[in-house]
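A.B. asks: structure.cif is reproduced below (mmCIF, C-alpha atoms).
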data_upload
loop_
_atom_site.label_atom_id
_atom_site.label_comp_id
_atom_site.auth_asym_id
_atom_site.auth_seq_id
_atom_site.Cartn_x
_atom_site.Cartn_y
_atom_site.Cartn_z
CA MET R 1 -7.64 4.84 44.46
CA GLU R 2 -6.95 1.79 42.27
CA ASN R 3 -8.88 3.37 39.39
CA LYS R 4 -6.98 6.63 39.74
CA LEU R 5 -3.68 4.75 39.61
CA LYS R 6 -4.81 2.90 36.48
CA LYS R 7 -5.52 6.22 34.80
CA ARG R 8 -2.10 7.43 35.88
CA ILE R 9 -0.52 4.45 34.12
CA THR R 10 -2.19 5.46 30.86
CA ARG R 11 -1.20 9.08 31.31
CA SER R 12 2.32 8.02 32.15
CA LEU R 13 2.56 5.97 28.94
CA ASP R 14 1.37 8.99 26.99
CA GLY R 15 4.00 11.18 28.64
CA ASP R 16 1.34 13.31 30.23
CA LEU R 17 2.17 12.71 33.89
CA PRO R 18 3.97 15.42 35.90
CA SER R 19 7.20 14.19 37.50
CA ARG R 20 5.78 14.30 41.05
CA GLU R 21 2.85 12.08 40.08
CA GLN R 22 5.18 9.84 38.10
CA LYS R 23 7.26 9.26 41.24
CA ARG R 24 4.11 8.36 43.18
CA LEU R 25 3.07 5.97 40.43
CA ASP R 26 6.50 4.33 40.36
CA GLU R 27 6.30 3.85 44.12
CA ALA R 28 2.79 2.35 43.85
CA LEU R 29 3.98 0.03 41.08
CA ARG R 30 6.84 -1.20 43.24
CA ARG R 31 4.44 -1.99 46.08
CA SER R 32 1.47 -3.48 44.18
CA PRO R 33 1.73 -6.64 42.04
CA GLY R 34 -1.85 -5.98 40.85
CA LEU R 35 -0.87 -2.61 39.49
CA ARG R 36 2.18 -4.06 37.77
CA GLU R 37 -0.12 -6.65 36.17
CA GLU R 38 -2.36 -3.81 35.00
CA LYS R 39 0.56 -1.97 33.44
CA THR R 40 1.70 -5.13 31.65
CA ARG R 41 -1.85 -5.61 30.40
CA ILE R 42 -2.03 -2.09 28.98
CA LEU R 43 1.38 -2.45 27.35
CA MET R 44 0.38 -5.75 25.77
CA LEU R 45 -2.81 -4.20 24.49
CA ARG R 46 -0.82 -1.38 22.93
CA ARG R 47 1.62 -3.81 21.41
CA ALA R 48 -1.24 -5.83 19.90
CA LEU R 49 -2.76 -2.65 18.46
CA ALA R 50 0.55 -1.50 17.00
CA GLU R 51 1.05 -4.93 15.42
CA SER R 52 -2.44 -4.87 13.91
CA ARG R 53 -1.46 -1.99 11.64
CA ALA R 54 -2.43 -2.84 8.09
CA PRO R 55 0.57 -3.05 5.75
CA GLY R 56 -1.18 -1.45 2.76
CA PHE R 57 -3.99 -1.75 0.26
CA GLY R 58 -2.22 -4.36 -1.82
CA PRO R 59 -0.12 -4.20 -4.98
CA GLY R 60 -1.07 -1.80 -7.75
CA PHE R 61 -2.96 0.65 -5.55
CA ALA R 62 -1.36 3.76 -7.07
CA GLY R 63 -2.31 2.57 -10.57
CA ARG R 64 -5.90 2.07 -9.44
CA VAL R 65 -5.96 5.61 -8.03
CA ILE R 66 -4.70 7.05 -11.33
CA ARG R 67 -7.35 5.09 -13.28
CA ARG R 68 -10.04 6.37 -10.92
CA ILE R 69 -8.88 9.95 -11.34
CA ALA R 70 -9.04 9.49 -15.12
CA GLU R 71 -12.62 8.17 -14.78
CA VAL R 72 -13.60 11.07 -12.52
CA GLU R 73 -12.12 13.57 -14.97
CA LYS R 74 -13.86 11.90 -17.92
CA SER R 75 -17.25 11.90 -16.20
CA GLY R 76 -16.60 15.50 -15.15
CA MET R 77 -15.93 16.40 -18.79
CA GLU R 78 -19.11 14.62 -19.88
CA THR R 79 -21.07 16.59 -17.29
CA ASP R 80 -19.42 19.77 -18.56
CA VAL R 81 -20.39 18.97 -22.17
CA PHE R 82 -24.01 18.34 -21.12
CA TYR R 83 -24.06 21.53 -19.08
CA GLU R 84 -22.60 23.61 -21.91
CA THR R 85 -25.09 22.17 -24.45
CA PHE R 86 -27.97 22.89 -22.08
CA ARG R 87 -26.72 26.40 -21.46
CA ALA R 88 -26.38 27.16 -25.18
CA LEU R 89 -29.89 25.82 -25.81
CA PHE R 90 -31.31 27.87 -22.97
CA ARG R 91 -29.55 31.01 -24.26
CA ARG R 92 -31.08 30.49 -27.73
CA VAL R 93 -34.58 29.91 -26.28
CA ALA R 94 -34.20 32.92 -23.98
CA LEU R 95 -33.14 35.17 -26.90
CA ILE R 96 -36.03 33.99 -29.09
CA GLY R 97 -38.43 34.48 -26.16
CA ALA R 98 -37.16 37.99 -25.49
CA ALA R 99 -37.45 38.90 -29.19
CA ALA R 100 -41.02 37.54 -29.32
CA LEU R 101 -41.96 39.52 -26.22
CA LEU R 102 -40.50 42.68 -27.73
CA ALA R 103 -42.37 42.12 -31.00
CA LEU R 104 -45.62 41.58 -29.10
CA LEU R 105 -45.09 44.74 -27.10
CA THR R 106 -44.35 46.76 -30.25
CA TYR R 107 -47.39 45.35 -32.04
CA ASN R 108 -49.75 46.03 -29.11
CA LEU R 109 -48.52 49.59 -28.78
CA SER R 110 -48.76 50.20 -32.54
CA ILE R 111 -52.45 49.15 -32.91
CA GLY R 112 -53.77 52.08 -30.92
CA ASP R 113 -53.87 53.75 -27.55
CA LYS R 114 -56.47 51.36 -26.10
CA PHE R 115 -53.80 49.52 -24.14
CA SER R 116 -51.72 50.82 -21.34
CA GLU R 117 -48.05 49.73 -21.37
CA GLU R 118 -48.88 47.31 -18.61
CA GLU R 119 -51.71 45.78 -20.61
CA ALA R 120 -49.55 45.64 -23.72
CA LEU R 121 -46.84 43.78 -21.85
CA PHE R 122 -48.99 41.39 -19.88
CA ALA R 123 -52.66 40.54 -20.10
CA SER R 124 -55.64 42.89 -20.40
CA ASP R 125 -57.20 43.42 -17.00
CA THR R 126 -60.67 42.06 -17.95
CA THR R 127 -62.90 42.23 -14.93
CA CYS R 128 -65.81 40.01 -13.97
CA ARG R 129 -68.20 42.81 -14.88
CA GLU R 130 -66.73 43.01 -18.40
CA LEU R 131 -67.02 39.27 -18.71
CA GLN R 132 -70.68 39.46 -17.74
CA ARG R 133 -71.30 41.92 -20.59
CA LEU R 134 -70.19 39.33 -23.13
CA PRO R 135 -73.05 37.78 -25.22
CA LEU R 136 -72.47 34.52 -23.41
CA PHE R 137 -74.28 35.94 -20.37
CA TRP R 138 -76.85 38.16 -22.16
CA ASP R 139 -79.58 37.47 -24.69
CA GLY R 140 -79.99 39.64 -27.82
CA GLY R 141 -82.39 42.10 -26.05
CA GLY R 142 -79.99 43.01 -23.29
CA ASN R 143 -81.72 40.80 -20.70
CA GLU R 144 -79.82 38.59 -18.42
CA ARG R 145 -80.07 34.91 -19.35
CA MET M 1 10.55 4.26 -4.51
CA ARG M 2 10.50 4.99 -0.83
CA THR M 3 7.22 4.44 0.93
CA ASP M 4 6.62 6.38 4.07
CA SER M 5 4.58 4.62 6.72
CA ARG M 6 5.94 6.60 9.68
CA PRO M 7 3.75 9.37 10.96
CA ASP M 8 4.80 12.98 10.78
CA SER M 9 7.96 12.68 8.77
CA GLY M 10 7.31 16.27 7.74
CA PHE M 11 6.95 18.00 4.43
CA THR M 12 10.16 17.05 2.70
CA PRO M 13 11.77 18.99 -0.17
CA GLU M 14 11.18 15.85 -2.25
CA ASP M 15 7.43 16.07 -1.49
CA ARG M 16 7.42 19.74 -2.38
CA ALA M 17 9.12 19.07 -5.71
CA LYS M 18 6.72 16.23 -6.56
CA LEU M 19 3.79 18.39 -5.55
CA GLU M 20 4.88 21.18 -7.88
CA GLN M 21 5.35 18.71 -10.73
CA ALA M 22 1.91 17.17 -10.03
CA ARG M 23 0.36 20.64 -10.04
CA GLY M 24 1.90 21.13 -13.45
CA GLY M 25 0.06 18.04 -14.70
CA ASP M 26 2.83 15.46 -14.24
CA GLN M 27 0.89 12.28 -13.50
CA ASN M 28 4.02 10.28 -12.64
CA ALA M 29 4.89 12.77 -9.90
CA PHE M 30 1.41 12.40 -8.45
CA MET M 31 1.68 8.61 -8.65
CA GLU M 32 4.92 8.75 -6.69
CA LEU M 33 3.22 10.79 -3.99
CA VAL M 34 0.46 8.16 -3.85
CA LYS M 35 3.06 5.38 -3.51
CA ARG M 36 4.84 7.31 -0.80
CA TYR M 37 1.75 7.85 1.34
CA GLU M 38 -0.51 4.90 0.51
CA ASN M 39 0.68 2.78 3.47
CA ARG M 40 -0.03 5.54 5.91
CA VAL M 41 -3.51 6.11 4.48
CA ALA M 42 -4.11 2.34 4.46
CA ALA M 43 -3.22 2.04 8.16
CA THR M 44 -5.73 4.74 9.05
CA VAL M 45 -8.55 3.67 6.76
CA ILE M 46 -8.25 -0.07 7.45
CA GLY M 47 -7.95 0.65 11.18
CA MET M 48 -11.20 2.59 10.99
CA LEU M 49 -13.18 0.36 8.61
CA GLY M 50 -11.52 -3.05 8.71
CA HIS M 51 -10.23 -4.84 5.62
CA GLY M 52 -12.46 -4.98 2.59
CA PRO M 53 -13.51 -3.28 -0.63
CA GLU M 54 -14.98 -0.33 1.27
CA ALA M 55 -11.56 0.48 2.78
CA GLU M 56 -9.92 0.30 -0.67
CA ASP M 57 -12.63 2.56 -2.07
CA VAL M 58 -12.18 5.13 0.70
CA GLY M 59 -8.40 4.91 0.29
CA GLN M 60 -8.71 5.73 -3.42
CA GLU M 61 -11.14 8.54 -2.68
CA VAL M 62 -8.59 10.11 -0.27
CA PHE M 63 -6.14 10.51 -3.15
CA VAL M 64 -8.83 11.63 -5.61
CA ARG M 65 -9.76 14.42 -3.16
CA PHE M 66 -6.09 15.28 -2.78
CA TYR M 67 -5.70 15.41 -6.57
CA LYS M 68 -8.68 17.75 -6.90
CA ALA M 69 -7.28 19.97 -4.13
CA LEU M 70 -3.71 20.06 -5.49
CA SER M 71 -3.92 23.71 -6.47
CA ARG M 72 -5.40 24.69 -3.10
CA PHE M 73 -3.00 22.72 -0.88
CA ARG M 74 -0.75 25.32 0.72
CA GLY M 75 1.40 23.01 2.81
CA ASP M 76 0.44 24.50 6.18
CA SER M 77 0.55 21.00 7.64
CA SER M 78 2.67 18.10 6.48
CA LEU M 79 1.30 16.12 3.57
CA GLY M 80 0.97 13.03 5.77
CA THR M 81 -1.11 14.91 8.34
CA TYR M 82 -3.25 16.43 5.57
CA LEU M 83 -3.93 13.03 3.97
CA THR M 84 -4.60 11.40 7.34
CA ARG M 85 -7.17 14.09 8.11
CA ILE M 86 -8.95 13.40 4.80
CA ALA M 87 -8.73 9.64 5.50
CA ILE M 88 -10.31 10.07 8.94
CA ASN M 89 -13.13 12.28 7.63
CA LEU M 90 -13.94 9.96 4.73
CA SER M 91 -13.81 6.92 7.03
CA LEU M 92 -16.24 8.57 9.45
CA ASN M 93 -18.55 9.35 6.50
CA ALA M 94 -18.33 5.71 5.39
CA ILE M 95 -19.20 4.54 8.92
CA LYS M 96 -22.24 6.88 8.96
CA ARG M 97 -23.31 5.63 5.53
CA ARG M 98 -22.81 2.04 6.61
CA THR M 99 -24.84 2.56 9.80
CA ARG M 100 -27.64 4.19 7.80
CA GLN M 101 -27.72 1.43 5.20
CA ARG M 102 -27.56 -1.36 7.76
CA GLY M 103 -30.17 0.35 9.90
CA MET M 104 -32.66 0.03 7.04
CA PHE M 105 -32.42 -3.74 6.96
CA PHE M 106 -30.80 -4.99 10.16
CA SER M 107 -30.85 -4.22 13.84
CA ASP M 108 -27.23 -5.32 14.22
CA SER M 109 -24.46 -2.85 15.02
CA GLU M 110 -22.34 -1.21 12.32
CA GLY M 111 -19.17 -2.97 13.38
CA LYS M 112 -20.46 -6.51 13.59
CA MET M 113 -22.03 -6.31 10.17
CA ALA M 114 -19.19 -4.65 8.37
CA PHE M 115 -16.14 -6.42 9.67
CA VAL M 116 -14.18 -8.35 7.08
CA PRO M 117 -11.12 -10.01 8.62
CA ASP M 118 -7.73 -9.72 6.99
CA THR M 119 -6.98 -13.07 5.42
CA ARG M 120 -3.50 -12.21 4.30
CA GLY M 121 -1.80 -13.20 7.55
CA GLN M 122 -1.29 -16.68 8.91
CA GLY M 123 -1.38 -18.58 12.20
CA SER M 124 -1.74 -17.16 15.68
CA HIS M 125 -0.44 -13.72 14.69
CA HIS M 126 -3.20 -13.52 12.10
CA GLU M 127 -5.76 -14.55 14.72
CA ALA M 128 -4.46 -11.91 17.10
CA VAL M 129 -4.63 -9.22 14.40
CA THR M 130 -8.16 -10.31 13.48
CA LEU M 131 -9.22 -10.17 17.13
CA VAL M 132 -7.72 -6.70 17.58
CA GLN M 133 -9.36 -5.41 14.38
CA ARG M 134 -12.68 -6.86 15.51
CA GLY M 135 -12.22 -5.20 18.90
CA LEU M 136 -11.54 -1.85 17.20
CA GLN M 137 -14.78 -2.14 15.24
CA GLN M 138 -16.70 -2.40 18.50
CA LEU M 139 -15.55 1.02 19.68
CA SER M 140 -17.61 4.10 18.94
CA PRO M 141 -16.32 5.93 15.82
CA ARG M 142 -15.03 8.83 17.94
CA ASP M 143 -13.06 6.59 20.30
CA ARG M 144 -11.88 4.42 17.41
CA THR M 145 -10.46 7.46 15.66
CA VAL M 146 -8.28 8.30 18.64
CA VAL M 147 -7.11 4.70 19.15
CA VAL M 148 -6.29 4.23 15.47
CA LEU M 149 -4.29 7.44 15.22
CA ARG M 150 -2.52 7.18 18.57
CA LEU M 151 -1.99 3.45 19.07
CA VAL M 152 -2.20 1.88 15.60
CA ASP M 153 -0.73 4.59 13.36
CA GLY M 154 1.65 5.69 16.11
CA TYR M 155 1.00 9.45 16.09
CA SER M 156 1.86 11.24 19.32
CA THR M 157 -0.92 12.62 21.51
CA ARG M 158 -0.12 16.13 20.24
CA GLU M 159 -0.24 15.05 16.59
CA THR M 160 -3.48 13.12 17.15
CA ALA M 161 -5.02 16.22 18.73
CA GLU M 162 -3.80 18.34 15.80
CA ILE M 163 -5.23 15.98 13.16
CA LEU M 164 -8.60 15.75 14.91
CA ARG M 165 -8.54 19.44 15.91
CA LEU M 166 -9.24 18.47 19.52
CA PRO M 167 -7.64 19.52 22.82
CA GLN M 168 -4.99 17.06 24.01
CA GLY M 169 -7.00 16.45 27.20
CA THR M 170 -9.96 15.22 25.13
CA VAL M 171 -7.68 12.89 23.19
CA LEU M 172 -6.29 11.47 26.43
CA SER M 173 -9.69 10.94 28.03
CA ARG M 174 -11.07 9.25 24.90
CA LEU M 175 -7.96 7.11 24.75
CA SER M 176 -8.33 6.07 28.36
CA ARG M 177 -12.02 5.17 27.90
CA ALA M 178 -11.34 3.23 24.70
CA GLN M 179 -8.44 1.40 26.29
CA GLU M 180 -10.63 0.21 29.17
CA ARG M 181 -13.20 -1.10 26.72
CA LEU M 182 -10.59 -2.79 24.55
CA LYS M 183 -9.02 -4.45 27.58
CA LYS M 184 -12.34 -6.19 28.25
CA ILE M 185 -12.93 -7.08 24.60
CA LEU M 186 -9.40 -8.40 24.11
CA ASP M 187 -9.13 -10.25 27.41
CA PRO M 188 -8.68 -13.67 25.69
CA LEU M 189 -5.88 -12.25 23.57
CA TYR M 190 -4.12 -10.92 26.65
CA HIS M 191 -4.16 -14.34 28.30
CA ASP M 192 -2.84 -15.94 25.11
CA MET M 193 -0.05 -13.41 24.82
CA ARG M 194 0.87 -13.83 28.46
CA ASP M 195 0.94 -17.60 28.12
CA GLN M 196 3.12 -17.37 25.02
CA THR M 197 5.56 -14.86 26.39
CA GLY M 198 5.60 -16.32 29.92
CA ASP M 199 8.19 -14.73 32.14
CA ASP M 200 9.42 -12.67 29.24
CA ASN M 201 6.27 -10.59 29.02
CA GLY M 202 7.54 -7.78 31.17
CA LYS M 203 10.59 -7.36 28.99
CA GLN M 204 8.56 -7.30 25.78
CA ALA M 205 6.07 -4.94 27.31
CA GLN M 206 8.89 -2.60 28.22
CA GLU M 207 10.15 -2.72 24.63
CA THR M 208 6.68 -1.84 23.43
CA ASN M 209 6.58 0.99 25.91
CA HIS M 210 9.71 2.47 24.36
CA GLN M 211 8.36 2.02 20.84
CA ILE M 212 5.03 3.65 21.63
CA SER M 213 6.17 6.42 23.94
#
Using the file provided, produce a representation of the structure as structure tokens.
C.D. replies:
Amino acid sequence: MENKLKKRITRSLDGDLPSREQKRLDEALRRSPGLREEKTRILMLRRALAESRAPGFGPGFAGRVIRRIAEVEKSGMETDVFYETFRALFRRVALIGAAALLALLTYNLSIGDKFSEEEALFASDTTCRELQRLPLFWDGGGNER
Amino acid sequence: MRTDSRPDSGFTPEDRAKLEQARGGDQNAFMELVKRYENRVAATVIGMLGHGPEAEDVGQEVFVRFYKALSRFRGDSSLGTYLTRIAINLSLNAIKRRTRQRGMFFSDSEGKMAFVPDTRGQGSHHEAVTLVQRGLQQLSPRDRTVVVLRLVDGYSTRETAEILRLPQGTVLSRLSRAQERLKKILDPLYHDMRDQTGDDNGKQAQETNHQIS
């Protein structure tokens, strides 16, 4: 019961207590010195908390914020410059790479019809059997080494 | 220059004008918005993280994020609410980061390791503030968020729920749990305050009640 009444005090201070319960609480407060003590204690706690409110960050705070924003913007610009340089470099490398690939494809197709388009673009599909036919694995007479 | 430390003072025509100027690249207009809202952001961030360079860093980051989002900010919520939401999210990130970093080297809790008391105050008031800030650091980040917004920054329960995108019932239950824990942590402070105020404590408590509610 005591605990319930304590909670009612808090709710009452927060304006969250219906009028009927508020009347009951007022009656209980009139009767019980212990409950009155509890209410005083809560009020003093709240006063102490309200008084502990920090007055500010100290003089010159707004100036420090502006300086920090300038630093953030500057570092952001530096990052942007780096990013743009990297992007331009990548674009140049990508263009050169694409041109080289196209030249290779054209050359491979122009030297005869031995290559399929797939082979011309990528690698020839040399199999293990073809590898075995290379002189590395055979002696001059066609015998396996 | 008017600084606004009160929660939810709305999105004023002055804010709107400064916002438009800032969007157009006027740095002075943006600086005035920072000046206007820095106290509110400070209350939230320092409440969450305690005093120290980390709080200043997070505070600056709140406005850097805001600056980057200037073109996207539509003004659906008030500027104060918007900035407080960023401040809460960045503070929670800082707490996570702090816990991770400390976890690598120490077994101590995040709060005990990170707390830097405010040395700007003096005397018993300063001690009380230090004790309260230390108590706040011992709450879980979720409970601390609710206490900071509702009881330190002075947002209403509805506004707190709106900022945290939580149901009001959740805000109230977290508040109640955190309050119970804080009462135990701050017991020595309570006795000091009661001794100082003596018979007058009820009257002062009532005044506080009016201010908070």
A.B. asks: So, with all atoms listed in the file as the atoms that count, which of R:Leu43, R:Leu17, R:Leu35, R:Ala94 lies closest to chain M?
C.D. replies: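 Smallest separation from chain M among the options: R:Leu43.
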A.B. asks: For chain M against chain R, which residues fall within 6 Å using all atoms listed in the file, given as an mmCIF file with C-alpha atoms, keeping the file's coordinate frame?
C.D. replies:
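The resulting file, iface_37.cif, is shown below:
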data_model
loop_
_atom_site.group_PDB
_atom_site.id
_atom_site.type_symbol
_atom_site.label_atom_id
_atom_site.label_comp_id
_atom_site.auth_asym_id
_atom_site.auth_seq_id
_atom_site.Cartn_x
_atom_site.Cartn_y
_atom_site.Cartn_z
ATOM 1 C CA MET M 31 1.680 8.610 -8.650
ATOM 2 C CA VAL M 34 0.460 8.160 -3.850
ATOM 3 C CA LYS M 35 3.060 5.380 -3.510
ATOM 4 C CA ASN M 39 0.680 2.780 3.470
ATOM 5 C CA ALA M 42 -4.110 2.340 4.460
ATOM 6 C CA ALA M 43 -3.220 2.040 8.160
ATOM 7 C CA GLN M 60 -8.710 5.730 -3.420
ATOM 8 C CA VAL M 64 -8.830 11.630 -5.610
ATOM 9 C CA VAL M 129 -4.630 -9.220 14.400
ATOM 10 C CA LEU M 151 -1.990 3.450 19.070
ATOM 11 C CA VAL M 152 -2.200 1.880 15.600
ATOM 12 C CA ALA M 205 6.070 -4.940 27.310
ATOM 13 C CA THR M 208 6.680 -1.840 23.430
#
A.B. asks: If you measure from atom CA of M:Val171 to atom CA of M:Ser77, what distance in Å do you get, rounded to one decimal?
C.D. replies: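 For atom CA of M:Val171 relative to atom CA of M:Ser77, the distance reads 19.4 Å.
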A.B. asks: For the provided coordinates, the residues matched by the PyMOL selection byres ((chain M and resi 15-25) around 12) should be stated as a PyMOL selection string.
C.D. replies: chain M and resi 2-4+9-14+26-37+66-75+78-80
A.B. asks: Report the distance between atom CA of M:Leu92 and atom CA of M:Leu186 in Å, rounded to one decimal place.
C.D. replies: 23.4 Å
A.B. asks: Which one is closest to M:Val147: M:Arg134, M:Arg177, M:His126, M:Arg165? Count all atoms listed in the file.
C.D. replies: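 Ranking M:Arg134, M:Arg177, M:His126, M:Arg165 by distance to M:Val147, first place goes to M:Arg177.
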A.B. asks: Could you work out an axis-aligned box for stretch 94-98 of chain R, taking every atom the file lists and adding 6 Å on each side, and report centre and edge lengths in Å to one decimal, as AutoDock Vina command-line options?
C.D. replies:
--center_x -35.8 --center_y 35.5 --center_z -26.5 --size_x 17.3 --size_y 17.1 --size_z 17.1
A.B. asks: To verify the selection step, state as a PDB file with C-alpha atoms, keeping the file's coordinate frame which residues the PyMOL selection byres ((chain M and resi 139) around 10) yields on this input.
C.D. replies:
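The file below, expr-v4.pdb, is the result:
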ATOM      1  CA  MET M  48     -11.200   2.590  10.990  1.00  0.00           C
ATOM      2  CA  GLY M 111     -19.170  -2.970  13.380  1.00  0.00           C
ATOM      3  CA  ARG M 134     -12.680  -6.860  15.510  1.00  0.00           C
ATOM      4  CA  GLY M 135     -12.220  -5.200  18.900  1.00  0.00           C
ATOM      5  CA  LEU M 136     -11.540  -1.850  17.200  1.00  0.00           C
ATOM      6  CA  GLN M 137     -14.780  -2.140  15.240  1.00  0.00           C
ATOM      7  CA  GLN M 138     -16.700  -2.400  18.500  1.00  0.00           C
ATOM      8  CA  SER M 140     -17.610   4.100  18.940  1.00  0.00           C
ATOM      9  CA  PRO M 141     -16.320   5.930  15.820  1.00  0.00           C
ATOM     10  CA  ARG M 142     -15.030   8.830  17.940  1.00  0.00           C
ATOM     11  CA  ASP M 143     -13.060   6.590  20.300  1.00  0.00           C
ATOM     12  CA  ARG M 144     -11.880   4.420  17.410  1.00  0.00           C
ATOM     13  CA  THR M 145     -10.460   7.460  15.660  1.00  0.00           C
ATOM     14  CA  VAL M 147      -7.110   4.700  19.150  1.00  0.00           C
ATOM     15  CA  ARG M 177     -12.020   5.170  27.900  1.00  0.00           C
ATOM     16  CA  ALA M 178     -11.340   3.230  24.700  1.00  0.00           C
ATOM     17  CA  GLN M 179      -8.440   1.400  26.290  1.00  0.00           C
ATOM     18  CA  ARG M 181     -13.200  -1.100  26.720  1.00  0.00           C
ATOM     19  CA  LEU M 182     -10.590  -2.790  24.550  1.00  0.00           C
ATOM     20  CA  ILE M 185     -12.930  -7.080  24.600  1.00  0.00           C
TER      21      ILE M 185
END
A.B. asks: Quote the spacing between atom CA of R:Ile111 and atom CA of R:Ile96 in Å to one decimal place.
C.D. replies: 22.7 Å
A.B. asks: Considering only C-alpha atoms, can you say which of M:Arg150, M:His191, M:Arg100, M:Lys183 comes closest to M:Glu162?
C.D. replies: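 Looking only at the distances to M:Glu162, the closest residue turns out to be M:Arg150.
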A.B. asks: Check the smallest atom-to-atom distance from each of M:Thr81, M:Val58, M:Val146, M:Asp76 to M:Arg40 using all atoms listed in the file, then report the winner.
C.D. replies: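 The shortest atom-to-atom distance to M:Arg40 comes from M:Thr81.
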A.B. asks: Could you please fill out stretch 82-95 of chain R with N, CA and C atoms and send it back as a CSV table (one decimal), in the frame of the given file?
C.D. replies:
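Writing done, so here's result.csv:
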chain,number,residue,atom,x,y,z
R,82,PHE,N,-22.6,18.3,-21.3
R,82,PHE,CA,-24.0,18.3,-21.1
R,82,PHE,C,-24.5,19.7,-20.7
R,83,TYR,N,-23.7,20.2,-19.7
R,83,TYR,CA,-24.1,21.5,-19.1
R,83,TYR,C,-23.9,22.6,-20.1
R,84,GLU,N,-22.8,22.6,-20.9
R,84,GLU,CA,-22.6,23.6,-21.9
R,84,GLU,C,-23.7,23.6,-23.0
R,85,THR,N,-24.0,22.3,-23.4
R,85,THR,CA,-25.1,22.2,-24.4
R,85,THR,C,-26.4,22.8,-23.9
R,86,PHE,N,-26.7,22.4,-22.7
R,86,PHE,CA,-28.0,22.9,-22.1
R,86,PHE,C,-28.0,24.4,-22.0
R,87,ARG,N,-26.8,25.0,-21.6
R,87,ARG,CA,-26.7,26.4,-21.5
R,87,ARG,C,-26.9,27.1,-22.8
R,88,ALA,N,-26.3,26.6,-23.8
R,88,ALA,CA,-26.4,27.2,-25.2
R,88,ALA,C,-27.8,27.1,-25.7
R,89,LEU,N,-28.5,26.0,-25.4
R,89,LEU,CA,-29.9,25.8,-25.8
R,89,LEU,C,-30.8,26.8,-25.1
R,90,PHE,N,-30.5,26.9,-23.8
R,90,PHE,CA,-31.3,27.9,-23.0
R,90,PHE,C,-31.1,29.3,-23.4
R,91,ARG,N,-29.9,29.6,-23.8
R,91,ARG,CA,-29.6,31.0,-24.3
R,91,ARG,C,-30.3,31.3,-25.5
R,92,ARG,N,-30.4,30.3,-26.5
R,92,ARG,CA,-31.1,30.5,-27.7
R,92,ARG,C,-32.6,30.7,-27.5
R,93,VAL,N,-33.1,29.8,-26.6
R,93,VAL,CA,-34.6,29.9,-26.3
R,93,VAL,C,-34.9,31.2,-25.6
R,94,ALA,N,-34.0,31.7,-24.7
R,94,ALA,CA,-34.2,32.9,-24.0
R,94,ALA,C,-34.2,34.1,-24.9
R,95,LEU,N,-33.2,34.1,-25.9
R,95,LEU,CA,-33.1,35.2,-26.9
R,95,LEU,C,-34.4,35.2,-27.8
